[in-house]
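As stored in structure_23.txt (compact mmCIF, C-alpha atoms):
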```
# COMPACT_ATOMS: atom_id res chain seq x y z
CA MET U 1 169.74 106.37 131.54
CA THR U 2 168.49 107.55 128.19
CA ASP U 3 164.76 107.30 127.37
CA THR U 4 164.43 104.87 124.51
CA SER U 5 160.59 104.59 124.57
CA PRO U 6 158.87 105.66 121.31
CA PRO U 7 157.46 109.21 121.29
CA ALA U 8 153.80 109.50 122.34
CA PRO U 9 151.49 109.78 119.34
CA ARG U 10 150.28 113.33 118.63
CA ARG U 11 146.74 113.95 119.86
CA GLY U 12 144.73 115.81 117.25
CA VAL U 13 141.14 116.50 116.27
CA PRO U 14 139.51 113.30 114.98
CA LEU U 15 138.93 113.15 111.25
CA TRP U 16 135.14 112.99 111.61
CA ALA U 17 135.16 116.17 113.71
CA GLN U 18 137.31 117.97 111.16
CA ILE U 19 134.93 116.94 108.38
CA ILE U 20 131.91 118.20 110.34
CA ILE U 21 133.62 121.51 111.06
CA TRP U 22 134.58 122.04 107.42
CA VAL U 23 131.13 121.07 106.16
CA PHE U 24 129.54 123.50 108.62
CA LEU U 25 131.87 126.33 107.62
CA VAL U 26 131.36 125.73 103.91
CA GLY U 27 127.59 125.61 104.48
CA LEU U 28 127.71 128.88 106.38
CA LEU U 29 129.71 130.53 103.60
CA ALA U 30 127.24 129.22 101.02
CA ILE U 31 124.32 130.73 102.95
CA VAL U 32 126.09 134.10 103.18
CA ALA U 33 126.98 133.97 99.48
CA LEU U 34 123.39 133.17 98.50
CA GLY U 35 122.11 136.02 100.66
CA LEU U 36 124.54 138.46 99.07
CA ARG U 37 123.66 137.23 95.59
CA ARG U 38 119.96 137.63 96.30
CA ALA U 39 120.52 141.12 97.70
CA GLN U 40 122.32 142.13 94.52
CA GLN U 41 119.68 140.70 92.22
CA GLY U 42 117.09 143.04 90.80
CA THR U 43 113.41 142.31 90.48
CA VAL U 44 112.22 139.02 89.03
CA GLN U 45 113.05 138.97 85.35
CA PRO U 46 110.67 138.71 82.39
CA GLY U 47 110.38 135.13 81.20
CA GLN U 48 110.14 133.73 84.73
CA ALA U 49 107.06 131.69 85.64
CA ILE U 50 105.42 133.18 88.71
CA ASP U 51 104.74 130.83 91.62
CA ASN U 52 101.46 130.77 93.47
CA PHE U 53 100.84 133.42 96.14
CA THR U 54 97.90 134.50 98.24
CA LEU U 55 96.67 138.07 98.39
CA PRO U 56 94.03 138.81 101.04
CA LEU U 57 91.63 141.52 99.92
CA TYR U 58 90.21 144.54 101.71
CA SER U 59 86.46 144.36 102.23
CA GLY U 60 84.79 146.21 99.39
CA TYR U 61 87.64 145.24 97.05
CA GLU U 62 86.99 141.50 96.78
CA LEU U 63 87.06 139.48 93.56
CA ASP U 64 83.77 137.71 92.77
CA GLY U 65 82.90 137.76 96.47
CA LYS U 66 86.14 136.05 97.51
CA SER U 67 88.13 137.68 100.28
CA GLU U 68 91.48 136.41 99.01
CA ILE U 69 93.10 135.59 95.71
CA GLN U 70 95.18 132.55 94.82
CA PHE U 71 97.40 133.51 91.92
CA ASP U 72 97.19 130.01 90.41
CA ASP U 73 93.43 130.47 90.01
CA LEU U 74 94.05 133.34 87.59
CA ARG U 75 95.59 131.27 84.77
CA GLY U 76 94.08 132.20 81.46
CA LYS U 77 94.00 135.90 82.29
CA VAL U 78 96.52 138.64 81.82
CA VAL U 79 97.35 139.80 85.36
CA VAL U 80 98.61 143.28 86.17
CA ILE U 81 99.98 143.51 89.72
CA ASN U 82 100.58 147.00 91.00
CA PHE U 83 102.55 147.52 94.23
CA TRP U 84 101.58 150.79 95.90
CA ALA U 85 101.18 152.51 99.28
CA SER U 86 99.14 155.43 100.55
CA TRP U 87 102.30 157.22 101.75
CA CYS U 88 103.86 156.91 98.29
CA LYS U 89 103.56 160.19 96.37
CA PRO U 90 104.72 158.81 92.99
CA CYS U 91 101.95 156.19 93.27
CA GLU U 92 99.41 159.01 93.07
CA GLN U 93 100.72 159.97 89.62
CA GLU U 94 99.55 156.71 88.08
CA ALA U 95 96.52 155.82 90.23
CA ALA U 96 93.99 157.46 87.93
CA GLU U 97 95.54 155.92 84.79
CA LEU U 98 95.54 152.45 86.30
CA GLN U 99 91.87 152.79 87.25
CA GLN U 100 91.06 154.10 83.76
CA ALA U 101 92.81 151.12 82.20
CA TRP U 102 90.94 148.74 84.49
CA THR U 103 87.65 150.33 83.46
CA GLU U 104 88.54 149.72 79.81
CA TYR U 105 89.76 146.11 80.13
CA GLU U 106 87.45 144.74 82.85
CA PRO U 107 84.52 144.10 80.45
CA THR U 108 86.73 141.85 78.26
CA GLY U 109 87.15 139.38 81.13
CA GLU U 110 90.66 138.67 79.87
CA VAL U 111 92.56 141.04 82.13
CA LEU U 112 92.70 141.35 85.90
CA PHE U 113 94.26 144.20 87.84
CA LEU U 114 95.48 143.55 91.39
CA GLY U 115 96.63 146.15 93.89
CA ALA U 116 99.16 144.93 96.47
CA ASP U 117 99.30 147.48 99.28
CA TYR U 118 102.89 147.58 100.51
CA VAL U 119 103.58 148.21 104.25
CA ASP U 120 100.58 150.45 104.76
CA THR U 121 97.86 151.08 107.30
CA GLU U 122 94.35 150.10 106.28
CA PRO U 123 92.56 153.37 107.16
CA GLU U 124 94.98 155.43 105.05
CA ALA U 125 94.87 152.82 102.28
CA ARG U 126 91.10 153.11 102.14
CA VAL U 127 91.29 156.90 101.97
CA TYR U 128 93.73 156.58 99.05
CA LEU U 129 91.58 154.06 97.17
CA LYS U 130 88.49 156.22 97.64
CA LYS U 131 90.32 159.39 96.63
CA PHE U 132 91.37 157.90 93.28
CA GLY U 133 88.17 155.93 92.75
CA VAL U 134 89.99 152.60 92.56
CA THR U 135 87.63 149.66 92.10
CA TYR U 136 89.87 146.73 91.13
CA PRO U 137 90.77 144.09 93.78
CA ASN U 138 93.15 145.40 96.39
CA GLY U 139 94.66 144.04 99.56
CA PRO U 140 97.60 144.23 101.93
CA ASP U 141 100.87 142.49 101.12
CA LEU U 142 100.99 140.79 104.53
CA ALA U 143 104.49 140.54 106.03
CA THR U 144 105.73 141.76 102.59
CA ARG U 145 105.72 138.16 101.36
CA ILE U 146 104.59 138.97 97.81
CA SER U 147 106.90 141.97 97.40
CA GLN U 148 109.81 139.87 98.69
CA TYR U 149 108.99 137.21 96.13
CA PHE U 150 109.00 139.81 93.35
CA ARG U 151 112.06 141.45 94.97
CA ILE U 152 110.60 144.91 94.49
CA LYS U 153 112.93 147.82 95.12
CA GLY U 154 110.23 150.30 96.03
CA VAL U 155 106.79 151.53 95.11
CA PRO U 156 105.22 151.94 92.66
CA GLU U 157 106.17 148.91 90.61
CA THR U 158 103.89 147.06 88.21
CA TYR U 159 104.23 143.53 86.87
CA PHE U 160 102.53 142.27 83.72
CA ILE U 161 101.98 138.50 83.67
CA ASP U 162 100.66 136.64 80.63
CA LYS U 163 97.87 134.08 80.49
CA GLU U 164 100.31 131.23 81.17
CA GLY U 165 101.52 132.82 84.38
CA VAL U 166 104.84 134.02 82.97
CA LEU U 167 106.13 137.48 83.77
CA GLN U 168 106.48 139.54 80.60
CA TYR U 169 107.15 143.14 81.64
CA VAL U 170 108.13 145.12 84.71
CA GLN U 171 107.41 148.81 85.14
CA ILE U 172 109.66 150.42 87.76
CA GLY U 173 108.22 153.72 88.92
CA PRO U 174 104.95 155.32 87.90
CA PHE U 175 103.39 155.17 84.45
CA THR U 176 103.41 158.52 82.73
CA SER U 177 100.41 157.85 80.52
CA LEU U 178 97.47 155.56 79.93
CA GLU U 179 99.00 154.61 76.57
CA GLN U 180 101.95 153.00 78.33
CA ILE U 181 99.62 150.66 80.22
CA ARG U 182 97.51 149.90 77.15
CA ALA U 183 100.60 149.08 75.07
CA GLN U 184 101.76 146.39 77.51
CA ILE U 185 98.35 144.81 77.95
CA ASP U 186 97.56 144.82 74.22
CA THR U 187 100.86 143.07 73.51
CA LEU U 188 99.92 140.30 75.93
CA LEU U 189 96.41 139.98 74.54
CA GLU U 190 97.59 139.57 70.94
CA MET R 1 57.85 170.78 151.83
CA GLY R 2 58.22 172.97 148.69
CA SER R 3 61.90 173.66 149.29
CA SER R 4 62.72 169.94 149.76
CA ARG R 5 60.96 169.16 146.47
CA THR R 6 63.02 171.89 144.76
CA ILE R 7 66.19 170.39 146.16
CA PHE R 8 65.08 166.94 144.97
CA TYR R 9 64.50 168.21 141.39
CA PHE R 10 67.78 170.10 141.46
CA VAL R 11 69.72 166.99 142.51
CA LEU R 12 67.87 164.90 139.91
CA LEU R 13 68.65 167.40 137.16
CA THR R 14 72.29 167.52 138.21
CA LEU R 15 72.58 163.72 138.07
CA VAL R 16 70.93 163.53 134.64
CA LEU R 17 73.23 166.22 133.26
CA ALA R 18 76.25 164.55 134.82
CA GLY R 19 75.20 161.31 133.14
CA PHE R 20 75.04 162.97 129.70
CA TRP R 21 78.46 164.46 130.29
CA THR R 22 80.16 161.23 131.34
CA ILE R 23 78.61 158.73 128.89
CA PRO R 24 80.53 159.83 125.77
CA VAL R 25 83.80 160.01 127.69
CA SER R 26 83.52 156.47 129.04
CA ALA R 27 82.66 155.13 125.57
CA GLN R 28 85.68 156.78 123.95
CA GLY R 29 88.22 155.72 126.56
CA PRO R 30 91.33 157.61 127.53
CA THR R 31 93.48 158.86 124.68
CA PRO R 32 97.00 157.38 124.91
CA THR R 33 99.72 159.95 125.47
CA ASP R 34 102.69 160.45 123.15
CA ASP R 35 104.92 158.81 125.76
CA GLU R 36 102.77 155.69 125.81
CA VAL R 37 102.80 155.53 122.00
CA ASN R 38 106.55 156.13 121.78
CA ARG R 39 107.29 153.50 124.42
CA ILE R 40 106.00 150.91 121.94
CA ALA R 41 107.14 152.77 118.81
CA LYS R 42 110.77 152.76 119.88
CA GLN R 43 110.71 148.96 119.99
CA LEU R 44 109.64 148.88 116.36
CA TYR R 45 111.52 149.96 113.25
CA CYS R 46 110.22 151.74 110.21
CA PRO R 47 109.61 149.01 107.58
CA VAL R 48 110.61 151.24 104.68
CA CYS R 49 113.46 153.34 106.10
CA GLU R 50 116.95 152.10 106.88
CA SER R 51 117.49 151.42 110.59
CA THR R 52 115.15 154.10 111.90
CA PRO R 53 113.14 153.45 115.06
CA LEU R 54 109.49 154.33 114.67
CA ASP R 55 109.44 156.83 117.54
CA VAL R 56 111.96 159.18 115.87
CA CYS R 57 111.17 158.52 112.22
CA PRO R 58 109.98 161.76 110.57
CA THR R 59 108.27 160.34 107.48
CA GLU R 60 104.55 160.41 106.71
CA ALA R 61 104.46 156.61 106.74
CA CYS R 62 105.89 156.50 110.27
CA ARG R 63 103.37 159.09 111.46
CA GLN R 64 100.64 156.78 110.16
CA TRP R 65 102.10 153.82 112.04
CA ARG R 66 102.35 155.85 115.27
CA ASP R 67 98.69 156.82 114.82
CA LEU R 68 97.91 153.14 114.33
CA ILE R 69 99.66 152.31 117.63
CA ARG R 70 97.70 155.09 119.34
CA SER R 71 94.36 153.79 118.05
CA MET R 72 95.24 150.21 119.04
CA LEU R 73 96.21 151.34 122.53
CA ALA R 74 92.91 153.23 122.78
CA GLU R 75 91.13 149.97 121.87
CA GLY R 76 92.82 148.40 124.87
CA ARG R 77 95.30 146.22 123.00
CA SER R 78 98.43 145.18 124.87
CA GLU R 79 102.02 145.88 123.83
CA GLU R 80 102.49 142.25 122.77
CA GLU R 81 99.33 142.32 120.67
CA ILE R 82 100.46 145.48 118.89
CA GLU R 83 103.92 144.04 118.19
CA GLN R 84 102.32 140.85 116.92
CA TYR R 85 100.07 142.86 114.60
CA PHE R 86 103.08 144.70 113.18
CA VAL R 87 104.99 141.44 112.63
CA GLU R 88 102.00 139.86 110.87
CA HIS R 89 101.49 142.87 108.62
CA TYR R 90 105.02 144.12 107.98
CA GLY R 91 107.28 141.17 108.81
CA ALA R 92 109.69 140.35 111.64
CA ARG R 93 112.16 142.95 110.38
CA VAL R 94 110.15 145.68 112.16
CA LEU R 95 111.21 144.32 115.55
CA ALA R 96 114.08 146.07 117.31
CA GLU R 97 115.15 142.70 118.69
CA PRO R 98 114.99 139.56 116.57
CA PRO R 99 112.37 136.95 117.45
CA ASN R 100 113.47 134.70 120.27
CA ARG R 101 114.45 131.67 118.20
CA LEU R 102 117.19 129.24 119.11
CA ALA R 103 118.90 129.53 115.73
CA THR R 104 119.09 133.33 116.03
CA TYR R 105 121.54 133.06 118.90
CA LEU R 106 122.99 129.60 118.36
CA VAL R 107 124.26 129.96 114.79
CA PRO R 108 126.42 133.09 115.40
CA ALA R 109 127.80 131.64 118.64
CA VAL R 110 128.72 128.34 117.01
CA ALA R 111 130.20 130.13 114.00
CA ILE R 112 132.37 132.33 116.24
CA LEU R 113 133.56 129.37 118.30
CA LEU R 114 134.37 127.36 115.19
CA GLY R 115 136.16 130.31 113.65
CA ALA R 116 138.24 130.82 116.79
CA PHE R 117 139.08 127.13 116.88
CA MET R 118 140.15 127.09 113.23
CA LEU R 119 142.28 130.21 113.75
CA PHE R 120 143.92 128.74 116.83
CA ARG R 121 144.65 125.50 115.03
CA GLY R 122 145.92 127.24 111.93
CA PHE R 123 148.14 129.52 114.02
CA ARG R 124 149.64 126.55 115.86
CA MET R 125 150.35 124.69 112.63
CA TRP R 126 151.93 127.82 111.20
CA MET R 127 154.15 128.33 114.23
CA LYS R 128 155.27 124.70 114.75
CA PRO R 129 157.61 124.29 111.77
CA SER R 130 159.36 127.56 112.51
CA ILE R 131 159.90 126.56 116.16
CA THR R 132 161.30 123.18 115.10
CA GLU R 133 163.50 124.79 112.50
CA ALA R 134 164.70 127.43 114.94
CA GLY R 135 165.25 124.81 117.63
CA ALA R 136 167.25 122.66 115.24
CA ALA R 137 169.42 125.59 114.23
CA ASP R 138 170.11 126.81 117.77
CA ALA R 139 170.67 123.44 119.44
CA PRO R 140 174.32 122.56 120.08
CA PRO R 141 175.62 119.66 118.01
CA GLU R 142 175.28 116.39 119.81
CA PRO R 143 178.73 115.38 120.92
CA GLU R 144 180.07 112.09 119.75
CA GLN R 145 180.14 109.40 122.45
CA ASP R 146 183.49 109.60 124.18
CA PRO R 147 184.92 106.02 124.60
CA TYR R 148 186.15 106.95 128.07
CA ILE R 149 182.70 108.14 129.17
CA ALA R 150 181.10 105.04 127.65
CA LYS R 151 183.49 102.82 129.60
CA LEU R 152 182.79 104.78 132.79
CA GLU R 153 179.05 104.43 132.40
CA GLU R 154 179.38 100.70 131.80
CA GLU R 155 181.47 100.33 135.02
CA LEU R 156 178.90 102.25 136.98
CA ARG R 157 176.13 100.04 135.69
CA LYS R 158 178.05 96.93 136.76
CA GLN R 159 178.53 98.28 140.28
CA LYS R 160 174.82 98.73 140.63
```
Would you put the structure from the file into structure tokens?
Amino acid sequence: MTDTSPPAPRRGVPLWAQIIIWVFLVGLLAIVALGLRRAQQGTVQPGQAIDNFTLPLYSGYELDGKSEIQFDDLRGKVVVINFWASWCKPCEQEAAELQQAWTEYEPTGEVLFLGADYVDTEPEARVYLKKFGVTYPNGPDLATRISQYFRIKGVPETYFIDKEGVLQYVQIGPFTSLEQIRAQIDTLLE
Amino acid sequence: MGSSRTIFYFVLLTLVLAGFWTIPVSAQGPTPTDDEVNRIAKQLYCPVCESTPLDVCPTEACRQWRDLIRSMLAEGRSEEEIEQYFVEHYGARVLAEPPNRLATYLVPAVAILLGAFMLFRGFRMWMKPSITEAGAADAPPEPEQDPYIAKLEEELRKQK
């Protein structure tokens, strides 16, 4: 009359499936955490070695006839990278000073200025460059790859990199004088 | 004879003048209307503003990008070509809809399903002990086996 058979074993999720699920969830959380951490980080910090990047150049703004620049090829020179855009009004405040500084340091052959044009249209960029008489190499930051690497927060921002390819100073916002630019470059040339 | 020659020269002059009038127009092509520009612009987002479609963005930068769309349309470029140009120059974030990649849709769907499964499982585990406990508390005590009933059951079994 009474059922004396042993109770049926409980059917659960196999161990391997549980492990996969937990690994996937932990991985997903790690990705989200890394994204949040990156979003909260500021720009790249001084002391960090800068990885190679490619900057295509506008025609008329090439470097030694080359239509693009590989950052790794610039070792041995102090590199000043200026992020700008034609729609950026604060960029206009420093454009003349940057060009003046380039005119002063270009003959030494030890310093290179680069303009990275951030989310801009080429016709307006050319008008801007002509208006301020800019002559140093300039090109578009395609798909914002370079600005994402530097984690810029806006324009203008300027990065001073020493001869070994290590970032030494970051200028957020426009320079207020030519002396400011000279001071940073002279420190790196000493 | 003289009047037919006059008519001939008049027609010839008219055709030449008409040719001068039409040549520059055909070289320039039709200017795209605001509606045509905005149809593409509203599928793109301003790369420097937060969540603002290009067709309603009031900034100077957005005006430049709308002008760029207009000039590209005038050159005869297709909607896909213009979108591709924007992605190449400003990144995939300018697209109103993310690029059609498997991971874009698969990862959220899998994450939601897994989350639902884990919740369901956790909820069941949380509920089970309380049901067992409640069941144990409410169940009537099992009566002790009455010797008379035991004897009766044994007799019944024998008769079978």
Q) How far is it from atom CA of Gly12 of chain U to atom CA of Arg121 of chain R, in Å with one decimal? A)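 Going from atom CA of Gly12 of chain U over to atom CA of Arg121 of chain R, I get 9.9 Å.
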Q: Can you work out the spacing between atom CA of Asp141 of chain U and atom CA of Gln180 of chain U in Å, to one decimal?
A: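 Interatomic distance here is 25.1 Å.
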Q. Excluding same-chain residues fewer than 4 positions from segment 42-59 of chain U, what lies within 6 Å of it counting only C-alpha atoms, as a list in words?
A.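 Skipping anything fewer than 4 positions along the chain leaves Ser67, Glu68, Ile69, Gln70, Phe71, Asp72, Asn138, Gly139, Phe150, Arg151, Ile152, Gly165, Val166, Leu167, Gln168 and Tyr169 of chain U.
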Hey, can you spit out that residue selection with C-alpha atoms as a tab-separated table (two decimals), in the coordinates of the input?
```tsv
chain	number	residue	atom	x	y	z
U	67	SER	CA	88.13	137.68	100.28
U	68	GLU	CA	91.48	136.41	99.01
U	69	ILE	CA	93.10	135.59	95.71
U	70	GLN	CA	95.18	132.55	94.82
U	71	PHE	CA	97.40	133.51	91.92
U	72	ASP	CA	97.19	130.01	90.41
U	138	ASN	CA	93.15	145.40	96.39
U	139	GLY	CA	94.66	144.04	99.56
U	150	PHE	CA	109.00	139.81	93.35
U	151	ARG	CA	112.06	141.45	94.97
U	152	ILE	CA	110.60	144.91	94.49
U	165	GLY	CA	101.52	132.82	84.38
U	166	VAL	CA	104.84	134.02	82.97
U	167	LEU	CA	106.13	137.48	83.77
U	168	GLN	CA	106.48	139.54	80.60
U	169	TYR	CA	107.15	143.14	81.64
```
**Q.** Option closest in space to Glu94 of chain U, from U:Val155, U:Val111, U:Val32, U:Ala39 [counting all atoms listed in the file]
**A.**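 Among the listed residues, U:Val155 lies closest to Glu94 of chain U.
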Q | Point-to-point distance in Å for atom CA of Glu79 of chain R and atom CA of Ile40 of chain R | A |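 Going from atom CA of Ile40 of chain R over to atom CA of Glu79 of chain R, I get 6.7 Å.
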**Q.** Residue with smallest distance to Gln41 of chain U - pool U:Asn82, U:Thr108, U:Gln18, U:Gln148, counting only C-alpha atoms
**A.**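 Smallest distance to Gln41 of chain U is found for U:Gln148.
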Q | Distance criterion (only C-alpha atoms): nearest to Val119 of chain U out of R:Val37, R:Ala96, R:Met72, R:Val48 | A |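 That would be R:Val48, the residue with the smallest distance to Val119 of chain U.
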Q. Between R:Asp67, R:Glu80, R:Glu75, R:Glu153, which one has atoms that come closest to Leu54 of chain R, using all atoms listed in the file?
A.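 Under the stated criterion, the closest residue is R:Asp67.
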Could you work out which residues of chain R fall inside 12 Å of chain U? Count only C-alpha atoms, and format the result as a compact mmCIF listing (two decimals) with C-alpha atoms, in the frame of the given file.
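Result file follows (result.txt):
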```txt
# COMPACT_ATOMS: atom_id res chain seq x y z
CA CYS R 46 110.22 151.74 110.21
CA PRO R 47 109.61 149.01 107.58
CA VAL R 48 110.61 151.24 104.68
CA CYS R 49 113.46 153.34 106.10
CA THR R 59 108.27 160.34 107.48
CA GLU R 60 104.55 160.41 106.71
CA ALA R 61 104.46 156.61 106.74
CA CYS R 62 105.89 156.50 110.27
CA ARG R 63 103.37 159.09 111.46
CA GLN R 64 100.64 156.78 110.16
CA TRP R 65 102.10 153.82 112.04
CA ARG R 66 102.35 155.85 115.27
CA ASP R 67 98.69 156.82 114.82
CA LEU R 68 97.91 153.14 114.33
CA ILE R 69 99.66 152.31 117.63
CA SER R 71 94.36 153.79 118.05
CA GLN R 84 102.32 140.85 116.92
CA TYR R 85 100.07 142.86 114.60
CA PHE R 86 103.08 144.70 113.18
CA VAL R 87 104.99 141.44 112.63
CA GLU R 88 102.00 139.86 110.87
CA HIS R 89 101.49 142.87 108.62
CA TYR R 90 105.02 144.12 107.98
CA GLY R 91 107.28 141.17 108.81
CA ALA R 92 109.69 140.35 111.64
CA ARG R 93 112.16 142.95 110.38
CA VAL R 94 110.15 145.68 112.16
CA VAL R 107 124.26 129.96 114.79
CA PRO R 108 126.42 133.09 115.40
CA VAL R 110 128.72 128.34 117.01
CA ALA R 111 130.20 130.13 114.00
CA ILE R 112 132.37 132.33 116.24
CA LEU R 113 133.56 129.37 118.30
CA LEU R 114 134.37 127.36 115.19
CA GLY R 115 136.16 130.31 113.65
CA ALA R 116 138.24 130.82 116.79
CA PHE R 117 139.08 127.13 116.88
CA MET R 118 140.15 127.09 113.23
CA ARG R 121 144.65 125.50 115.03
CA ARG R 124 149.64 126.55 115.86
CA MET R 125 150.35 124.69 112.63
CA GLU R 153 179.05 104.43 132.40
CA GLU R 154 179.38 100.70 131.80
CA LEU R 156 178.90 102.25 136.98
CA ARG R 157 176.13 100.04 135.69
```
Q. Counting all atoms listed in the file, which of R:Leu13, R:Val56, R:Leu152, R:Ile82 gets nearest to Asp34 of chain R?
A.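 So, comparing all the options, the nearest one is R:Val56.
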All file atoms of segment 67-84 of chain R boxed axis-aligned, 5 Å per side, centre plus edges, as JSON:
```
{"center_x": 97.5, "center_y": 148.8, "center_z": 119.6, "size_x": 22.8, "size_y": 26.0, "size_z": 20.5}
```
Q: Rank U:Glu97, U:Pro90, U:Gly65, U:Leu29 by their smallest atom-to-atom distance to Ile172 of chain U, using all atoms listed in the file, and report the top residue only.
A: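 Answer, going by the shortest atom-to-atom distance: U:Pro90.
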Q | Neighbours of point (97.1, 141.5, 86.3) within 6 Å, using all atoms listed in the file, written as number ranges by chain | A | U: 78-81, 112-114
